[in-house]
Every structure is written in structure tokens, then in C-alpha cells.
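This is model18.cif. It holds mmCIF, C-alpha atoms.
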```cif
data_final
#
loop_
_atom_site.group_PDB
_atom_site.id
_atom_site.type_symbol
_atom_site.label_atom_id
_atom_site.label_comp_id
_atom_site.auth_asym_id
_atom_site.auth_seq_id
_atom_site.Cartn_x
_atom_site.Cartn_y
_atom_site.Cartn_z
ATOM 1 C CA MET A 805 -17.841 -14.170 10.888
ATOM 2 C CA PHE A 806 -15.493 -13.475 7.969
ATOM 3 C CA ASN A 807 -15.651 -13.908 4.258
ATOM 4 C CA ASP A 808 -12.749 -15.794 2.746
ATOM 5 C CA ILE A 809 -10.427 -12.877 3.393
ATOM 6 C CA THR A 810 -7.553 -14.383 1.468
ATOM 7 C CA LYS A 811 -9.676 -14.457 -1.681
ATOM 8 C CA ILE A 812 -10.787 -10.881 -1.047
ATOM 9 C CA SER A 813 -7.152 -9.816 -0.768
ATOM 10 C CA LYS A 814 -6.464 -11.330 -4.181
ATOM 11 C CA LYS A 815 -8.719 -8.820 -5.894
ATOM 12 C CA LEU A 816 -6.796 -5.949 -4.267
ATOM 13 C CA GLY A 817 -3.959 -6.704 -6.671
ATOM 14 C CA VAL A 818 -0.503 -5.208 -6.276
ATOM 15 C CA ARG A 819 -1.382 -1.546 -5.868
ATOM 16 C CA ASP A 820 -4.083 -1.605 -3.165
ATOM 17 C CA ASN A 821 -3.788 -2.936 0.374
ATOM 18 C CA VAL A 822 -6.715 -1.603 2.434
ATOM 19 C CA CYS A 823 -10.286 -2.870 2.161
ATOM 20 C CA LEU A 824 -13.280 -1.660 4.215
ATOM 21 C CA ARG A 825 -16.565 -3.551 3.914
ATOM 22 C CA VAL A 826 -19.965 -2.777 5.443
ATOM 23 C CA VAL A 827 -21.873 -5.994 6.091
ATOM 24 C CA ASP A 828 -25.609 -6.261 6.821
ATOM 25 C CA LEU A 829 -26.256 -8.600 9.750
ATOM 26 C CA ARG A 830 -29.638 -9.783 8.512
ATOM 27 C CA THR A 831 -28.684 -10.733 4.961
ATOM 28 C CA LYS A 832 -24.958 -11.376 5.535
ATOM 29 C CA LYS A 833 -24.350 -9.358 2.360
ATOM 30 C CA VAL A 834 -21.711 -6.709 1.710
ATOM 31 C CA VAL A 835 -23.648 -3.479 1.134
ATOM 32 C CA GLN A 836 -20.685 -1.124 0.684
ATOM 33 C CA GLU A 837 -16.992 -1.565 0.001
ATOM 34 C CA PHE A 838 -13.987 0.703 -0.353
ATOM 35 C CA ILE A 839 -10.495 -0.298 -1.521
ATOM 36 C CA GLY A 840 -7.404 1.908 -1.268
ATOM 37 C CA HIS A 841 -3.663 2.011 -0.692
ATOM 38 C CA ASN A 842 -1.510 2.950 2.303
ATOM 39 C CA THR A 843 2.207 3.273 1.617
ATOM 40 C CA ALA A 844 3.447 3.390 5.201
ATOM 41 C CA THR A 845 2.115 -0.073 6.056
ATOM 42 C CA SER A 846 4.484 -2.217 4.027
ATOM 43 C CA THR A 847 7.480 0.025 4.644
ATOM 44 C CA ILE A 848 7.188 -0.118 8.429
ATOM 45 C CA LEU A 849 6.584 -3.853 8.568
ATOM 46 C CA SER A 850 8.990 -5.111 5.921
ATOM 47 C CA GLY A 851 11.301 -7.877 7.089
ATOM 48 C CA ILE A 852 9.348 -9.220 10.091
ATOM 49 C CA VAL A 853 6.758 -11.311 8.290
ATOM 50 C CA HIS A 854 7.471 -14.547 10.206
ATOM 51 C CA PHE A 855 6.748 -12.897 13.551
ATOM 52 C CA LEU A 856 3.716 -11.068 12.192
ATOM 53 C CA ALA A 857 2.152 -14.343 11.123
ATOM 54 C CA GLY A 858 2.168 -15.495 14.729
ATOM 55 C CA ASP A 859 4.760 -18.233 14.170
ATOM 56 C CA GLY A 860 7.200 -16.646 16.561
ATOM 57 C CA ILE A 861 10.760 -15.410 16.226
ATOM 58 C CA LEU A 862 13.918 -15.585 18.316
ATOM 59 C CA ASN A 863 12.880 -14.623 21.859
ATOM 60 C CA GLN A 864 15.416 -11.828 22.116
ATOM 61 C CA ALA A 865 13.801 -10.055 19.143
ATOM 62 C CA ARG A 866 10.341 -9.812 20.700
ATOM 63 C CA PHE A 867 11.064 -6.650 22.712
ATOM 64 C CA THR A 868 12.818 -4.990 19.776
ATOM 65 C CA LEU A 869 9.891 -5.579 17.420
ATOM 66 C CA LYS A 870 6.953 -5.078 19.778
ATOM 67 C CA ASP A 871 6.338 -1.483 18.645
ATOM 68 C CA TYR A 872 5.994 -2.630 15.030
ATOM 69 C CA ILE A 873 3.700 -5.629 15.399
ATOM 70 C CA PRO A 874 0.093 -4.966 14.352
ATOM 71 C CA GLN A 875 -2.322 -6.200 17.000
ATOM 72 C CA TYR A 876 -5.409 -4.001 16.588
ATOM 73 C CA MET A 877 -7.524 -2.100 14.076
ATOM 74 C CA SER A 878 -9.954 0.784 14.439
ATOM 75 C CA LEU A 879 -12.162 3.180 12.493
ATOM 76 C CA GLY A 880 -12.328 6.975 12.510
ATOM 77 C CA THR A 881 -14.246 10.008 11.280
ATOM 78 C CA MET A 882 -11.557 12.652 10.726
ATOM 79 C CA GLY A 883 -12.412 14.872 7.774
ATOM 80 C CA LEU A 884 -16.113 14.974 8.693
ATOM 81 C CA CYS A 885 -17.442 18.073 10.466
ATOM 82 C CA SER A 886 -20.950 16.630 10.960
ATOM 83 C CA GLN A 887 -22.952 13.426 10.618
ATOM 84 C CA GLY A 888 -25.586 15.129 8.431
ATOM 85 C CA TYR A 889 -26.873 13.639 5.185
ATOM 86 C CA ASP A 890 -28.698 14.774 2.040
ATOM 87 C CA ALA A 891 -31.845 13.494 0.295
ATOM 88 C CA ASP A 892 -29.874 10.549 -1.077
ATOM 89 C CA GLY A 893 -28.539 9.573 2.344
ATOM 90 C CA LEU A 894 -25.020 10.744 1.496
ATOM 91 C CA PRO A 895 -22.846 12.737 3.922
ATOM 92 C CA THR A 896 -22.939 16.534 3.854
ATOM 93 C CA GLY A 897 -20.390 17.312 6.568
ATOM 94 C CA ILE A 898 -17.223 16.866 4.532
ATOM 95 C CA GLY A 899 -14.093 18.861 5.340
ATOM 96 C CA ASN A 900 -14.790 22.115 7.138
ATOM 97 C CA ARG A 901 -18.197 22.844 5.577
ATOM 98 C CA ASP A 902 -21.606 21.273 6.195
ATOM 99 C CA ASP A 903 -23.962 21.104 3.184
ATOM 100 C CA PRO A 904 -22.156 23.888 1.265
ATOM 101 C CA ASP A 905 -22.826 25.546 -2.087
ATOM 102 C CA ASP A 906 -20.452 24.905 -5.001
ATOM 103 C CA SER A 907 -17.759 27.281 -3.756
ATOM 104 C CA GLY A 908 -18.030 25.733 -0.306
ATOM 105 C CA LYS A 909 -17.719 22.241 -1.764
ATOM 106 C CA ILE A 910 -14.432 23.218 -3.394
ATOM 107 C CA GLU A 911 -13.134 24.516 -0.066
ATOM 108 C CA ALA A 912 -14.434 21.423 1.726
ATOM 109 C CA ILE A 913 -12.796 18.883 -0.581
ATOM 110 C CA LYS A 914 -9.496 20.784 -0.432
ATOM 111 C CA ASN A 915 -9.666 20.735 3.355
ATOM 112 C CA TYR A 916 -10.493 17.020 3.429
ATOM 113 C CA LEU A 917 -7.662 16.073 1.078
ATOM 114 C CA SER A 918 -5.095 18.351 2.731
ATOM 115 C CA HIS A 919 -5.341 16.403 5.992
ATOM 116 C CA ILE A 920 -5.296 12.881 4.612
ATOM 117 C CA PRO A 921 -2.724 10.672 6.371
ATOM 118 C CA GLY A 922 0.016 9.800 3.948
ATOM 119 C CA PHE A 923 3.312 7.965 4.028
ATOM 120 C CA GLY A 924 4.474 9.673 7.221
ATOM 121 C CA ALA A 925 1.288 9.090 9.228
ATOM 122 C CA ASP A 926 2.958 6.391 11.270
ATOM 123 C CA GLY A 927 2.685 7.774 14.794
ATOM 124 C CA ILE A 928 6.410 8.426 15.007
ATOM 125 C CA ASN A 929 7.340 11.783 13.496
ATOM 126 C CA PRO A 930 4.961 14.748 14.016
ATOM 127 C CA ASP A 931 6.629 16.584 11.123
ATOM 128 C CA TYR A 932 5.109 14.033 8.746
ATOM 129 C CA ASN A 933 1.598 14.035 10.147
ATOM 130 C CA ASN A 934 0.132 16.093 7.298
ATOM 131 C CA ASN A 935 -1.067 19.057 9.403
ATOM 132 C CA ARG A 936 -3.205 16.888 11.669
ATOM 133 C CA THR A 937 -3.539 17.759 15.351
ATOM 134 C CA ALA A 938 -3.423 14.120 16.454
ATOM 135 C CA PHE A 939 -1.655 11.093 15.018
ATOM 136 C CA GLY A 940 -3.639 8.762 12.851
ATOM 137 C CA LEU A 941 -7.381 8.864 13.341
ATOM 138 C CA GLY A 942 -7.454 11.703 15.838
ATOM 139 C CA ASP A 943 -8.579 11.984 19.452
ATOM 140 C CA PRO A 944 -11.428 9.729 20.672
ATOM 141 C CA TYR A 945 -14.788 10.466 19.026
ATOM 142 C CA THR A 946 -17.308 12.317 21.202
ATOM 143 C CA SER A 947 -20.467 14.399 20.723
ATOM 144 C CA SER A 948 -18.259 17.497 20.830
ATOM 145 C CA ASN A 949 -15.385 16.009 18.781
ATOM 146 C CA LEU A 950 -16.857 14.589 15.581
ATOM 147 C CA GLU A 951 -13.440 14.136 13.952
ATOM 148 C CA GLY A 952 -11.996 11.308 15.941
ATOM 149 C CA GLU A 953 -11.167 7.654 16.387
ATOM 150 C CA LEU A 954 -14.086 5.400 17.305
ATOM 151 C CA ILE A 955 -12.769 4.362 20.700
ATOM 152 C CA SER A 956 -13.780 5.196 24.263
ATOM 153 C CA ASP A 957 -13.225 3.969 27.813
ATOM 154 C CA SER A 958 -15.603 1.085 27.080
ATOM 155 C CA VAL A 959 -14.985 0.575 23.338
ATOM 156 C CA LEU A 960 -11.380 -0.282 22.596
ATOM 157 C CA ARG A 961 -9.569 -1.026 19.371
ATOM 158 C CA VAL A 962 -10.537 -4.285 17.668
ATOM 159 C CA PRO A 963 -8.097 -7.196 17.968
ATOM 160 C CA ILE A 964 -6.809 -8.625 14.706
ATOM 161 C CA THR A 965 -8.488 -12.029 14.529
ATOM 162 C CA PHE A 966 -7.353 -13.146 11.082
ATOM 163 C CA ARG A 967 -3.743 -13.538 9.962
ATOM 164 C CA ASN A 968 -2.519 -15.351 6.886
ATOM 165 C CA ILE A 969 0.703 -15.389 4.908
ATOM 166 C CA ILE A 970 0.454 -15.660 1.133
ATOM 167 C CA PRO A 971 3.731 -17.208 -0.096
ATOM 168 C CA GLU A 972 5.644 -16.196 -3.198
ATOM 169 C CA THR A 973 4.012 -18.964 -5.219
ATOM 170 C CA ASP A 974 0.555 -17.352 -4.893
ATOM 171 C CA THR A 975 1.206 -13.606 -4.820
ATOM 172 C CA GLU A 976 0.609 -11.310 -7.773
ATOM 173 C CA TYR A 977 4.162 -9.936 -7.866
ATOM 174 C CA PRO A 978 7.319 -12.101 -8.270
ATOM 175 C CA LYS A 979 9.487 -12.608 -5.197
ATOM 176 C CA SER A 980 6.964 -10.928 -2.930
ATOM 177 C CA MET A 981 5.095 -12.098 0.129
ATOM 178 C CA ASP A 982 1.765 -10.859 1.466
ATOM 179 C CA LEU A 983 0.512 -10.801 5.038
ATOM 180 C CA ILE A 984 -3.290 -10.577 5.291
ATOM 181 C CA LEU A 985 -4.802 -9.132 8.488
ATOM 182 C CA GLY A 986 -8.499 -8.904 9.304
ATOM 183 C CA GLY A 987 -10.719 -7.485 12.054
ATOM 184 C CA LEU A 988 -14.425 -6.889 12.577
ATOM 185 C CA VAL A 989 -16.001 -3.867 14.336
ATOM 186 C CA SER A 990 -19.264 -5.003 15.917
ATOM 187 C CA ALA A 991 -22.686 -3.402 15.642
ATOM 188 C CA ASN A 992 -22.721 -2.849 19.409
ATOM 189 C CA ASP A 993 -19.471 -0.915 19.337
ATOM 190 C CA LEU A 994 -20.541 1.189 16.359
ATOM 191 C CA SER A 995 -23.976 1.918 17.842
ATOM 192 C CA SER A 996 -22.399 3.429 20.942
ATOM 193 C CA PHE A 997 -21.143 6.322 18.773
ATOM 194 C CA MET A 998 -24.380 6.951 16.875
ATOM 195 C CA GLY A 999 -26.131 9.012 19.535
ATOM 196 C CA GLU A 1000 -29.690 9.780 18.440
ATOM 197 C CA ASN A 1001 -28.985 8.582 14.898
ATOM 198 C CA ASP A 1002 -29.338 5.039 13.599
ATOM 199 C CA TYR A 1003 -26.294 5.389 11.341
ATOM 200 C CA LEU A 1004 -22.680 6.567 11.373
ATOM 201 C CA PHE A 1005 -20.477 7.951 8.592
ATOM 202 C CA ILE A 1006 -16.916 6.610 8.673
ATOM 203 C CA SER A 1007 -13.946 7.967 6.732
ATOM 204 C CA GLU A 1008 -10.817 6.201 8.059
ATOM 205 C CA ALA A 1009 -9.168 3.051 9.330
ATOM 206 C CA GLY A 1010 -6.033 2.548 11.409
ATOM 207 C CA LEU A 1011 -3.550 -0.215 12.235
ATOM 208 C CA TRP A 1012 -2.083 -0.240 15.758
ATOM 209 C CA ASN A 1013 0.244 -2.133 18.084
ATOM 210 C CA ASN A 1014 -1.719 -1.347 21.259
ATOM 211 C CA GLN A 1015 -5.353 -1.280 22.275
ATOM 212 C CA PHE A 1016 -5.646 2.149 23.846
ATOM 213 C CA ASP A 1017 -3.621 5.339 24.170
ATOM 214 C CA ASP A 1018 -1.673 6.144 27.312
ATOM 215 C CA GLY A 1019 -2.374 9.858 27.005
ATOM 216 C CA ASP A 1020 0.737 10.520 24.944
ATOM 217 C CA SER A 1021 -0.379 11.443 21.416
ATOM 218 C CA GLU A 1022 3.174 10.964 20.175
ATOM 219 C CA ASN A 1023 3.240 7.354 21.363
ATOM 220 C CA ASN A 1024 -0.205 6.011 20.609
ATOM 221 C CA GLY A 1025 0.759 2.787 18.888
ATOM 222 C CA LEU A 1026 -0.171 3.873 15.366
ATOM 223 C CA LEU A 1027 1.468 1.890 12.577
ATOM 224 C CA ALA A 1028 -0.542 3.219 9.655
ATOM 225 C CA ALA A 1029 -3.642 5.340 9.035
ATOM 226 C CA TYR A 1030 -5.767 5.424 5.921
ATOM 227 C CA ARG A 1031 -8.523 7.869 4.935
ATOM 228 C CA ILE A 1032 -11.078 7.191 2.206
ATOM 229 C CA SER A 1033 -10.244 9.296 -0.840
ATOM 230 C CA PRO A 1034 -11.786 9.782 -4.288
ATOM 231 C CA ILE A 1035 -8.326 9.784 -5.885
ATOM 232 C CA ALA A 1036 -5.302 7.545 -5.462
ATOM 233 C CA SER A 1037 -2.674 10.315 -5.534
ATOM 234 C CA TYR A 1038 -4.396 12.764 -3.215
ATOM 235 C CA GLU A 1039 -1.221 14.813 -2.869
ATOM 236 C CA ASN A 1040 -1.919 16.188 -6.358
ATOM 237 C CA TYR A 1041 -5.315 17.698 -5.551
ATOM 238 C CA THR A 1042 -3.882 21.240 -5.904
ATOM 239 C CA GLU A 1043 -3.484 20.598 -9.631
ATOM 240 C CA TYR A 1044 -7.226 20.035 -10.125
ATOM 241 C CA THR A 1045 -9.529 22.664 -11.610
ATOM 242 C CA ASP A 1046 -12.576 23.894 -9.682
ATOM 243 C CA GLU A 1047 -14.810 21.759 -11.874
ATOM 244 C CA GLU A 1048 -12.692 18.685 -11.185
ATOM 245 C CA LEU A 1049 -12.716 19.413 -7.440
ATOM 246 C CA LEU A 1050 -16.515 19.632 -7.495
ATOM 247 C CA SER A 1051 -16.588 16.236 -9.187
ATOM 248 C CA LEU A 1052 -14.234 14.827 -6.541
ATOM 249 C CA TYR A 1053 -16.503 16.163 -3.798
ATOM 250 C CA GLU A 1054 -19.538 14.377 -5.251
ATOM 251 C CA GLU A 1055 -17.550 11.181 -5.753
ATOM 252 C CA LEU A 1056 -16.238 11.245 -2.198
ATOM 253 C CA LYS A 1057 -19.797 11.449 -0.848
ATOM 254 C CA THR A 1058 -20.514 8.039 -2.374
ATOM 255 C CA LYS A 1059 -17.313 6.458 -1.046
ATOM 256 C CA ILE A 1060 -17.485 7.449 2.643
ATOM 257 C CA LEU A 1061 -18.941 4.508 4.558
ATOM 258 C CA ARG A 1062 -22.472 4.804 5.913
ATOM 259 C CA VAL A 1063 -22.991 2.164 8.596
ATOM 260 C CA ASN A 1064 -26.471 1.532 9.995
ATOM 261 C CA SER A 1065 -27.229 0.178 13.456
ATOM 262 C CA ASP A 1066 -27.737 -3.369 12.126
ATOM 263 C CA GLN A 1067 -24.457 -3.475 10.219
ATOM 264 C CA VAL A 1068 -20.800 -4.219 10.988
ATOM 265 C CA VAL A 1069 -17.522 -3.160 9.370
ATOM 266 C CA GLU A 1070 -14.898 -5.622 8.195
ATOM 267 C CA ILE A 1071 -11.345 -4.235 7.953
ATOM 268 C CA ILE A 1072 -8.746 -5.981 5.793
ATOM 269 C CA TRP A 1073 -5.107 -4.948 5.435
ATOM 270 C CA LYS A 1074 -2.853 -6.565 2.857
ATOM 271 C CA ILE A 1075 0.750 -5.978 3.812
ATOM 272 C CA GLN A 1076 2.909 -6.418 0.734
ATOM 273 C CA LEU A 1077 6.403 -7.320 1.783
ATOM 274 C CA GLY A 1078 8.265 -6.463 -1.387
ATOM 275 C CA CYS A 1079 10.841 -9.198 -1.696
ATOM 276 C CA ILE A 1080 10.740 -12.635 -0.131
ATOM 277 C CA GLU A 1081 14.448 -12.360 0.712
ATOM 278 C CA ASP A 1082 13.470 -9.967 3.536
ATOM 279 C CA LEU A 1083 12.368 -13.030 5.462
ATOM 280 C CA TYR A 1084 15.818 -14.596 5.457
ATOM 281 C CA VAL A 1085 17.430 -11.472 6.870
ATOM 282 C CA VAL A 1086 15.361 -11.994 10.001
ATOM 283 C CA LEU A 1087 15.418 -15.789 10.004
ATOM 284 C CA PRO A 1088 18.501 -16.914 8.053
ATOM 285 C CA GLU A 1089 18.012 -20.527 9.129
ATOM 286 C CA ILE A 1090 14.851 -20.799 7.013
ATOM 287 C CA SER A 1091 15.275 -22.648 3.751
ATOM 288 C CA THR A 1092 14.408 -20.856 0.534
ATOM 289 C CA SER A 1093 12.418 -23.789 -0.767
ATOM 290 C CA ASP A 1094 8.753 -23.304 -1.558
ATOM 291 C CA SER A 1095 7.842 -26.285 0.613
ATOM 292 C CA VAL A 1096 9.262 -24.636 3.726
ATOM 293 C CA ILE A 1097 7.489 -21.374 2.953
ATOM 294 C CA GLU A 1098 4.229 -23.255 2.579
ATOM 295 C CA ASP A 1099 4.787 -25.044 5.901
ATOM 296 C CA PHE A 1100 4.586 -21.844 7.946
ATOM 297 C CA ALA A 1101 1.789 -20.275 5.904
ATOM 298 C CA ILE A 1102 -1.229 -20.033 8.186
ATOM 299 C CA GLY A 1103 -4.592 -21.216 6.932
ATOM 300 C CA GLN A 1104 -3.424 -21.382 3.328
ATOM 301 C CA ASN A 1105 -6.353 -20.984 0.938
ATOM 302 C CA SER A 1106 -6.743 -21.613 -2.774
ATOM 303 C CA LEU A 1107 -6.959 -18.347 -4.678
ATOM 304 C CA THR A 1108 -8.549 -19.788 -7.807
ATOM 305 C CA SER A 1109 -12.187 -19.030 -6.920
ATOM 306 C CA ASP A 1110 -13.982 -15.762 -7.601
ATOM 307 C CA VAL A 1111 -14.494 -13.439 -4.629
ATOM 308 C CA THR A 1112 -17.952 -13.902 -3.119
ATOM 309 C CA GLN A 1113 -20.085 -11.159 -1.628
ATOM 310 C CA ASP A 1114 -21.737 -13.526 0.871
ATOM 311 C CA LEU A 1115 -20.536 -14.227 4.382
ATOM 312 C CA PRO A 1116 -20.345 -17.980 5.025
ATOM 313 C CA THR A 1117 -21.470 -19.469 8.316
ATOM 314 C CA SER A 1118 -18.019 -20.876 9.156
ATOM 315 C CA SER A 1119 -15.236 -18.430 9.917
ATOM 316 C CA THR A 1120 -12.402 -17.475 12.232
ATOM 317 C CA ALA A 1121 -14.357 -14.751 14.063
ATOM 318 C CA GLU A 1122 -17.968 -14.199 15.015
ATOM 319 C CA ILE A 1123 -20.120 -11.153 14.505
ATOM 320 C CA SER A 1124 -21.325 -9.927 17.853
#
```

Write the structure described by the file as C-alpha cells, please.
Amino acid sequence: MFNDITKISKKLGVRDNVCLRVVDLRTKKVVQEFIGHNTATSTILSGIVHFLAGDGILNQARFTLKDYIPQYMSLGTMGLCSQGYDADGLPTGIGNRDDPDDSGKIEAIKNYLSHIPGFGADGINPDYNNNRTAFGLGDPYTSSNLEGELISDSVLRVPITFRNIIPETDTEYPKSMDLILGGLVSANDLSSFMGENDYLFISEAGLWNNQFDDGDSENNGLLAAYRISPIASYENYTEYTDEELLSLYEELKTKILRVNSDQVVEIIWKIQLGCIEDLYVVLPEISTSDSVIEDFAIGQNSLTSDVTQDLPTSSTAEIS
């Protein structure tokens, strides 16, 4: 059960392209939301928008592009050393310190930010993996590995169940094209990682071309990984004073997702494809007229309404 994801993507604007939303199953209300930006996403996927939308492409190109086609999404907990919480219900196990004093908080936020996946966290080049031991969201989450991807032998990555192209006529930036992808992580899947708790703190999301790893961490299907951050340019955290780092630590605590056992997580990626001409490089036979672009847009929605915080009863996917 999805909100009108296309309308949600509109409020992301030009800069941001990742949206994580915690939805309460009883009220169908969004109880927590985080919006951020992942640079690698658009760069990797630029130029193959027609195939990504599910409309197909020349058959001989399918094998060439298969490693770059997003099929699945997942969540992760890298950057969290425990699932503990304080009196306000906010996470205490950030970075490498659990419930630290002020000096420990500074060390913890530095540790958390130093391992955030950036532009190079694309599952291809280990030299650009930002000092992380595993690509993307880390090894599978277990009781002994609290910094991992929320997958297991029985809980696999979530299939992308919503795809929509936003043509040039409706995007925020001239001569651009947006691909909107959506997936929903069920309460059952999330509960399997909660152990004795009735909640789970989540810090990351990932975009993948396969459902499960084959044991090769250098070929795990990762297209892009994003970690929740209190600042947009997290590479510049070394320039912050101790007082500013303490403030970032407290802000981060409020941004990390807390998901209860009766809640689900909606993942939305907005892939901004720079210039619409990229499409014609791949499919030169396509006309440049707006009418043709609109013809292959899937599930085109009007973007004139305000974004709602309610989940409607009709949708493209069901909450399980």
C-alpha cells in the first residue's frame, strides 16, 4: 500500500533523491521521514531510463545492462554499535560508542560520518568504499553483527514494486527526466531482526540489481548505498568544532529511523537523469516530442496536489 509516490518525489526537489518513511499499520500515517541525497545513483543509471521504466529496450542490450538495472531495495544498520535507546527513545549506540559522555559523542559522530557511503559506494571499486569492510550496507545483520544489511536466508531484498517516469514537462529542472522507484519492507520482515525488542533502529538504505549475495562481497549487486546523516556534505565533518560535532550527534539521534513491530518502512528513490537527450543515445528512434515522451511514461500522475501524509486504500503494492 503506497502513498502517491510521484507526489512525494516532487517535494524532494532537485537536490535530494532518497526518501525513507516509517508508516504505522494501524493509523496508516507516516510517523517518521528522512530525506537525503545519493550522488552515485544518477551517475550509474544515466542513459538507460527507457529500460529502467520497464518498457524494454533492444534485446541485445539486456545482457549488457543487467548489472545496472535496479530490481531490489533493502535497509541496513551500519554505523550503529547497539540497539540501545535513551529516556526519549532515541538511539544511543551510534558509531563506535554506546551511550557515551560528551567526549565519546564526538568520537562516535566522527566514526559514524567517516564510514558513510559516498559517491564511490557502488559495489564496484573497493578503493572507493569509504573504509567500510563490506560494500554498501554491510554483511547480513545478526545478533553478533549489529552493523549489517537486514537480509537473511529467509528475508531477502525487497522487490521494487513501483516505477514511474516523470517526463521533462513535469520535472523541476529543465531538460531532465526523473525515474521514481518504490519498495516497502514489511512488518514481518523487520520483526525477524528485532530479537527480544519490539523496535529496530535503521540507519541506511540500498539499491540493488539482485536479491541476495552469492558470497562474493565484491559482486553483491549494489548500485547505490545511502546512510542517514545530519549534514548534507558529510565529507566536511573534519572542519567542525567539538561543539558543532556534539550538536550533530544529538541531531543524528532524531533522524535515525526507529521502527516498531507494528510499522513498515517505505523506500523511495528518485533517479535524476540529468538531460533528456541521454534517452536518445540509447534509443535514437524515439521522437523528441513531448507527446511521445508522455506515451511511455508509466502511471503518469498530476503533480499539482500537496503531498499527503495518509496512505490511501488503493495502491500498487500491499502492506503485508

What does the distance between CA of Gly883 in chain A and CA of Leu1049 in chain A come to in Å, to one decimal place?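 Going from CA of Gly883 in chain A over to CA of Leu1049 in chain A, I get 15.9 Å.
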
Using only C-alpha atoms, which protein or nucleic acid residues come within 9 Å of Leu884 in chain A? Drop anything in the same chain fewer than 3 positions from it, and give the result as a PyMOL selection string. chain A and resi 881+887+895-902+916+950-951+1005-1007

Near-Asp906 in chain A list (12 Å; all atoms listed in the file; drop same-chain fewer than 3 positions) as a ChimeraX atom specification: /A:901-903,909-913,1046-1054

Which residues would end up in the selection if the PyMOL selection byres ((chain A and resi 836) around 6) were applied here, given that I need the answer as JSON, numbers by chain? {"A": [825, 826, 834, 835, 837]}

Please write as a ChimeraX atom specification the full residue list that the PyMOL selection byres ((chain A and resi 1031) around 8) yields on this file. /A:920-921,1007-1009,1029-1030,1032-1033

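Surrounding range 943-949 of chain A within 8 Å are Gly880, Thr881, Ala938, Glu953, Leu954, Ile955, Ser956, Phe997 and Gly999 of chain A, with only C-alpha atoms counted and residues fewer than 4 positions along the same chain left out.
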
Let me know the residues the PyMOL selection byres ((chain A and resi 840) around 7) catches in the file above, as a PyMOL selection string. chain A and resi 820-823+838-839+841-842

Grab all the atoms of range 940-951 of chain A that the file lists, wrap them in a box along x, y and z, add 8 Å per side, and give me centre plus edge lengths in Å (one decimal) as JSON.
```
{"center_x": -12.1, "center_y": 13.1, "center_z": 17.0, "size_x": 32.8, "size_y": 24.7, "size_z": 24.4}
```

Restricting the calculation to all atoms listed in the file: of A:Leu824, A:Gly893, A:Ile1071, A:Arg1062, which residue gets closest to Met998 in chain A?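 Selected residue with least distance to Met998 in chain A: A:Arg1062.
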
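Reported to one decimal place, the separation of CA of Glu1055 in chain A from CA of Ala844 in chain A is 24.9 Å.
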
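Rounded to one decimal, CA of Ile984 in chain A and CA of His919 in chain A lie 27.1 Å from each other.
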
Incomplete range 1000-1013 of chain A brought to N, CA and C atoms, written out as a PDB file, keeping the file's coordinate frame:
```
ATOM      1  N   GLU A1000     -28.278   9.878  18.780  1.00  0.00           N
ATOM      2  CA  GLU A1000     -29.690   9.780  18.440  1.00  0.00           C
ATOM      3  C   GLU A1000     -29.913   9.249  17.026  1.00  0.00           C
ATOM      4  N   ASN A1001     -28.861   9.097  16.254  1.00  0.00           N
ATOM      5  CA  ASN A1001     -28.985   8.582  14.898  1.00  0.00           C
ATOM      6  C   ASN A1001     -29.023   7.058  14.894  1.00  0.00           C
ATOM      7  N   ASP A1002     -29.414   6.488  13.770  1.00  0.00           N
ATOM      8  CA  ASP A1002     -29.338   5.039  13.599  1.00  0.00           C
ATOM      9  C   ASP A1002     -28.310   4.693  12.527  1.00  0.00           C
ATOM     10  N   TYR A1003     -27.339   5.574  12.344  1.00  0.00           N
ATOM     11  CA  TYR A1003     -26.294   5.389  11.341  1.00  0.00           C
ATOM     12  C   TYR A1003     -25.051   6.138  11.786  1.00  0.00           C
ATOM     13  N   LEU A1004     -23.931   5.878  11.080  1.00  0.00           N
ATOM     14  CA  LEU A1004     -22.680   6.567  11.373  1.00  0.00           C
ATOM     15  C   LEU A1004     -21.863   6.615  10.085  1.00  0.00           C
ATOM     16  N   PHE A1005     -21.383   7.810   9.733  1.00  0.00           N
ATOM     17  CA  PHE A1005     -20.477   7.951   8.592  1.00  0.00           C
ATOM     18  C   PHE A1005     -19.045   7.745   9.065  1.00  0.00           C
ATOM     19  N   ILE A1006     -18.286   6.967   8.303  1.00  0.00           N
ATOM     20  CA  ILE A1006     -16.916   6.610   8.673  1.00  0.00           C
ATOM     21  C   ILE A1006     -15.989   6.911   7.502  1.00  0.00           C
ATOM     22  N   SER A1007     -14.853   7.534   7.796  1.00  0.00           N
ATOM     23  CA  SER A1007     -13.946   7.967   6.732  1.00  0.00           C
ATOM     24  C   SER A1007     -12.558   7.345   6.796  1.00  0.00           C
ATOM     25  N   GLU A1008     -12.206   6.635   7.891  1.00  0.00           N
ATOM     26  CA  GLU A1008     -10.817   6.201   8.059  1.00  0.00           C
ATOM     27  C   GLU A1008     -10.708   4.840   8.722  1.00  0.00           C
ATOM     28  N   ALA A1009      -9.519   4.268   8.602  1.00  0.00           N
ATOM     29  CA  ALA A1009      -9.168   3.051   9.330  1.00  0.00           C
ATOM     30  C   ALA A1009      -7.722   3.169   9.785  1.00  0.00           C
ATOM     31  N   GLY A1010      -7.395   2.497  10.882  1.00  0.00           N
ATOM     32  CA  GLY A1010      -6.033   2.548  11.409  1.00  0.00           C
ATOM     33  C   GLY A1010      -5.539   1.186  11.835  1.00  0.00           C
ATOM     34  N   LEU A1011      -4.224   1.020  11.824  1.00  0.00           N
ATOM     35  CA  LEU A1011      -3.550  -0.215  12.235  1.00  0.00           C
ATOM     36  C   LEU A1011      -2.633   0.129  13.401  1.00  0.00           C
ATOM     37  N   TRP A1012      -2.740  -0.618  14.501  1.00  0.00           N
ATOM     38  CA  TRP A1012      -2.083  -0.240  15.758  1.00  0.00           C
ATOM     39  C   TRP A1012      -1.355  -1.412  16.405  1.00  0.00           C
ATOM     40  N   ASN A1013      -0.405  -1.081  17.311  1.00  0.00           N
ATOM     41  CA  ASN A1013       0.244  -2.133  18.084  1.00  0.00           C
ATOM     42  C   ASN A1013      -0.247  -2.177  19.521  1.00  0.00           C
TER      43      ASN A1013
END
```
